[in-house]
Amino acid sequence: MSIEEQQLIKQQSYSEAMRYMENAKETLKKAGKDDQRYKDRKYVKTACGTAYSGVLLALDAYLLLKGIKIAKRRKSIEYYCEHLSKLDKKLLQRLNNAYESLHLDGYYNGTLNAHIIKSGFDDAYKIINYIKPEEIENYI
């Protein structure tokens, strides 16, 4: 894969993943918050599902850039863990936290705990930044 192709993948995937995160943040605002608890479970669940989808988009791009052919079918968490365990343990750790806090606690269980959701969002942004294009890094 050429450098130009890699940059195009980074640009497109990064922009799309960040769009998911912006949508997730806007949805989370609708949930309202009292102290450290959100008020509306429906919006929290939707926001967490959207943020986690952004994480998966970024991970697909990361794996593709590392030369791993991306399966067209739905991938399990084990698929990502298997590949990341060979490539980057720190990224794997961030994925595990995002999976637990956003996908399991936020989306499936509908936790209203703002600390858990914030932790998941923080790791989601860190994962997405793994594919941040250089020109954006140099611009900031």
# chains A, B, ... in the order shown; residues from 1 in each chain; ligands from 1
call {"tool": "select_by_dssp", "arguments": {"residues": "chain A", "states": "strand (DSSP E or B)", "output": "list in words"}}
result
Lys33, Asp34, Arg37, Tyr38 and Asn113 of chain A
call {"tool": "residues_around", "arguments": {"residues": "Ser119 in chain A", "least_positions_apart": "6", "cutoff": "8 Å", "atoms": "only C-alpha atoms", "output": "list in words"}}
result
Asn97, Ala98 and Ser101 of chain A
call {"tool": "closest_residue", "arguments": {"among": "A:Tyr107, A:Tyr38, A:Tyr80, A:Tyr99", "to": "Ala61 in chain A", "atoms": "only C-alpha atoms"}}
result
A:Tyr80
call {"tool": "closest_residue", "arguments": {"among": "A:Asp40, A:Asp88, A:Glu16, A:Asp35", "to": "Ser53 in chain A", "atoms": "only C-alpha atoms"}}
result
A:Glu16
call {"tool": "residues_around", "arguments": {"residues": "Lys45 in chain A", "least_positions_apart": "3", "cutoff": "8 Å", "atoms": "only C-alpha atoms", "output": "mmCIF file with C-alpha atoms, in the first residue's frame"}}
result
data_model
loop_
_atom_site.group_PDB
_atom_site.id
_atom_site.type_symbol
_atom_site.label_atom_id
_atom_site.label_comp_id
_atom_site.auth_asym_id
_atom_site.auth_seq_id
_atom_site.Cartn_x
_atom_site.Cartn_y
_atom_site.Cartn_z
ATOM 1 C CA ARG A 41 -30.834 6.087 29.975
ATOM 2 C CA LYS A 42 -32.085 6.050 26.365
ATOM 3 C CA CYS A 48 -22.372 4.901 23.923
ATOM 4 C CA GLY A 49 -23.355 2.754 20.961
ATOM 5 C CA GLY A 106 -23.156 2.090 28.565
ATOM 6 C CA TYR A 107 -24.951 0.497 25.633
ATOM 7 C CA TYR A 108 -26.130 -2.847 26.984
ATOM 8 C CA GLY A 110 -27.448 1.532 30.353
#
call {"tool": "residues_around", "arguments": {"residues": "range 4-15 of chain A", "least_positions_apart": "3", "cutoff": "12 Å", "atoms": "only C-alpha atoms", "output": "short mmCIF file (atom, residue, chain, number, x, y, z; two decimals) with C-alpha atoms, in the first residue's frame"}}
result
data_model
loop_
_atom_site.label_atom_id
_atom_site.label_comp_id
_atom_site.auth_asym_id
_atom_site.auth_seq_id
_atom_site.Cartn_x
_atom_site.Cartn_y
_atom_site.Cartn_z
CA MET A 1 0.00 0.00 0.00
CA MET A 18 -14.64 11.79 14.73
CA ARG A 19 -18.06 12.43 13.18
CA TYR A 20 -19.39 9.47 15.18
CA MET A 21 -17.83 10.90 18.35
CA GLU A 22 -19.33 14.34 17.75
CA SER A 53 -19.02 2.33 16.54
CA GLY A 54 -16.52 5.16 16.01
CA VAL A 55 -13.92 3.10 17.87
CA LEU A 56 -14.52 0.12 15.59
CA LEU A 57 -14.18 2.28 12.49
CA ALA A 58 -10.83 3.52 13.74
CA LEU A 59 -9.66 0.02 14.63
CA ASP A 60 -10.59 -1.32 11.20
CA ALA A 61 -8.47 1.42 9.62
CA TYR A 62 -5.60 0.78 12.04
CA LEU A 63 -5.56 -2.93 11.25
CA LEU A 64 -5.78 -2.27 7.52
CA LEU A 65 -2.82 0.11 7.78
CA LYS A 66 -0.90 -2.63 9.59
CA GLY A 67 -1.50 -4.97 6.64
CA ALA A 124 -12.36 6.17 22.38
CA TYR A 125 -10.63 9.45 21.48
CA LYS A 126 -7.22 7.96 22.24
CA ILE A 127 -7.95 4.98 19.99
CA ILE A 128 -9.15 7.21 17.17
CA ASN A 129 -6.00 9.32 17.47
CA TYR A 130 -3.96 6.26 16.48
CA ILE A 131 -5.10 6.90 12.91
CA LYS A 132 -4.93 10.69 13.03
CA PRO A 133 -3.41 11.93 9.75
CA GLU A 134 -0.03 13.66 10.02
CA GLU A 135 -1.24 16.86 8.42
CA ILE A 136 -3.83 17.23 11.17
CA GLU A 137 -1.18 16.54 13.82
#
call {"tool": "atom_distance", "arguments": {"atom1": "CA of Thr50 in chain A", "atom2": "CA of Ile3 in chain A"}}
result
29.8 Å
call {"tool": "atom_distance", "arguments": {"atom1": "CA of Lys30 in chain A", "atom2": "CA of Gly120 in chain A"}}
result
17.9 Å
call {"tool": "select_by_dssp", "arguments": {"residues": "range 3-140 of chain A", "states": "helix (DSSP H, G or I)", "output": "PyMOL selection string"}}
result
chain A and resi 3-30+41-65+77-87+89-108+114-131+134-139
call {"tool": "write_last_selection", "arguments": {"atoms": "C-alpha atoms", "output": "compact mmCIF listing (two decimals), in the first residue's frame"}}
result
# COMPACT_ATOMS: atom_id res chain seq x y z
CA ILE A 3 1.91 6.28 1.35
CA GLU A 4 -0.81 8.18 -0.50
CA GLU A 5 -3.24 5.29 -0.02
CA GLN A 6 -2.37 5.13 3.68
CA GLN A 7 -2.95 8.86 4.07
CA LEU A 8 -6.31 8.60 2.30
CA ILE A 9 -7.40 5.76 4.59
CA LYS A 10 -6.33 7.79 7.63
CA GLN A 11 -8.10 10.94 6.46
CA GLN A 12 -11.36 9.23 5.60
CA SER A 13 -11.46 6.92 8.62
CA TYR A 14 -10.37 9.58 11.10
CA SER A 15 -12.97 12.05 9.81
CA GLU A 16 -15.73 9.44 9.95
CA ALA A 17 -14.76 8.21 13.44
CA MET A 18 -14.64 11.79 14.73
CA ARG A 19 -18.06 12.43 13.18
CA TYR A 20 -19.39 9.47 15.18
CA MET A 21 -17.83 10.90 18.35
CA GLU A 22 -19.33 14.34 17.75
CA ASN A 23 -22.75 12.75 17.25
CA ALA A 24 -22.26 10.72 20.42
CA LYS A 25 -21.36 13.85 22.42
CA GLU A 26 -24.43 15.68 21.14
CA THR A 27 -26.65 12.75 22.04
CA LEU A 28 -25.11 12.49 25.50
CA LYS A 29 -25.94 16.16 26.15
CA LYS A 30 -29.60 15.29 25.66
CA ARG A 41 -30.83 6.09 29.97
CA LYS A 42 -32.08 6.05 26.36
CA TYR A 43 -29.73 8.86 25.32
CA VAL A 44 -26.80 7.39 27.25
CA LYS A 45 -27.27 4.03 25.53
CA THR A 46 -27.51 5.64 22.10
CA ALA A 47 -24.46 7.83 22.70
CA CYS A 48 -22.37 4.90 23.92
CA GLY A 49 -23.35 2.75 20.96
CA THR A 50 -22.43 5.53 18.55
CA ALA A 51 -19.08 6.20 20.25
CA TYR A 52 -18.21 2.51 20.26
CA SER A 53 -19.02 2.33 16.54
CA GLY A 54 -16.52 5.16 16.01
CA VAL A 55 -13.92 3.10 17.87
CA LEU A 56 -14.52 0.12 15.59
CA LEU A 57 -14.18 2.28 12.49
CA ALA A 58 -10.83 3.52 13.74
CA LEU A 59 -9.66 0.02 14.63
CA ASP A 60 -10.59 -1.32 11.20
CA ALA A 61 -8.47 1.42 9.62
CA TYR A 62 -5.60 0.78 12.04
CA LEU A 63 -5.56 -2.93 11.25
CA LEU A 64 -5.78 -2.27 7.52
CA LEU A 65 -2.82 0.11 7.78
CA ILE A 77 -14.27 -8.24 20.25
CA GLU A 78 -12.10 -11.35 20.17
CA TYR A 79 -11.15 -10.57 16.57
CA TYR A 80 -9.81 -7.16 17.55
CA CYS A 81 -8.15 -8.44 20.73
CA GLU A 82 -6.39 -11.22 18.85
CA HIS A 83 -4.83 -8.83 16.36
CA LEU A 84 -4.07 -6.02 18.80
CA SER A 85 -2.38 -8.41 21.23
CA LYS A 86 0.25 -8.96 18.52
CA LEU A 87 0.54 -5.31 17.49
CA LYS A 89 -0.68 -3.91 24.03
CA LYS A 90 -1.49 -0.33 25.04
CA LEU A 91 -4.05 -0.02 22.28
CA LEU A 92 -5.50 -3.38 23.34
CA GLN A 93 -5.86 -2.09 26.90
CA ARG A 94 -7.67 1.02 25.65
CA LEU A 95 -9.97 -1.14 23.54
CA ASN A 96 -10.81 -3.33 26.54
CA ASN A 97 -11.78 -0.26 28.56
CA ALA A 98 -13.83 1.24 25.72
CA TYR A 99 -15.54 -2.11 25.20
CA GLU A 100 -16.44 -2.48 28.87
CA SER A 101 -17.45 1.11 29.56
CA LEU A 102 -19.11 2.06 26.26
CA HIS A 103 -20.39 -1.20 24.81
CA LEU A 104 -21.21 -3.29 27.87
CA ASP A 105 -21.85 -0.79 30.68
CA GLY A 106 -23.16 2.09 28.57
CA TYR A 107 -24.95 0.50 25.63
CA TYR A 108 -26.13 -2.85 26.98
CA ALA A 114 -20.85 9.70 34.31
CA HIS A 115 -17.36 8.56 35.41
CA ILE A 116 -17.72 5.27 33.53
CA ILE A 117 -19.02 6.99 30.40
CA LYS A 118 -16.27 9.63 30.50
CA SER A 119 -13.61 6.95 30.83
CA GLY A 120 -14.98 5.19 27.77
CA PHE A 121 -15.13 8.40 25.74
CA ASP A 122 -11.56 9.28 26.75
CA ASP A 123 -10.27 5.92 25.54
CA ALA A 124 -12.36 6.17 22.38
CA TYR A 125 -10.63 9.45 21.48
CA LYS A 126 -7.22 7.96 22.24
CA ILE A 127 -7.95 4.98 19.99
CA ILE A 128 -9.15 7.21 17.17
CA ASN A 129 -6.00 9.32 17.47
CA TYR A 130 -3.96 6.26 16.48
CA ILE A 131 -5.10 6.90 12.91
CA GLU A 134 -0.03 13.66 10.02
CA GLU A 135 -1.24 16.86 8.42
CA ILE A 136 -3.83 17.23 11.17
CA GLU A 137 -1.18 16.54 13.82
CA ASN A 138 1.11 19.16 12.32
CA TYR A 139 -1.74 21.65 11.97
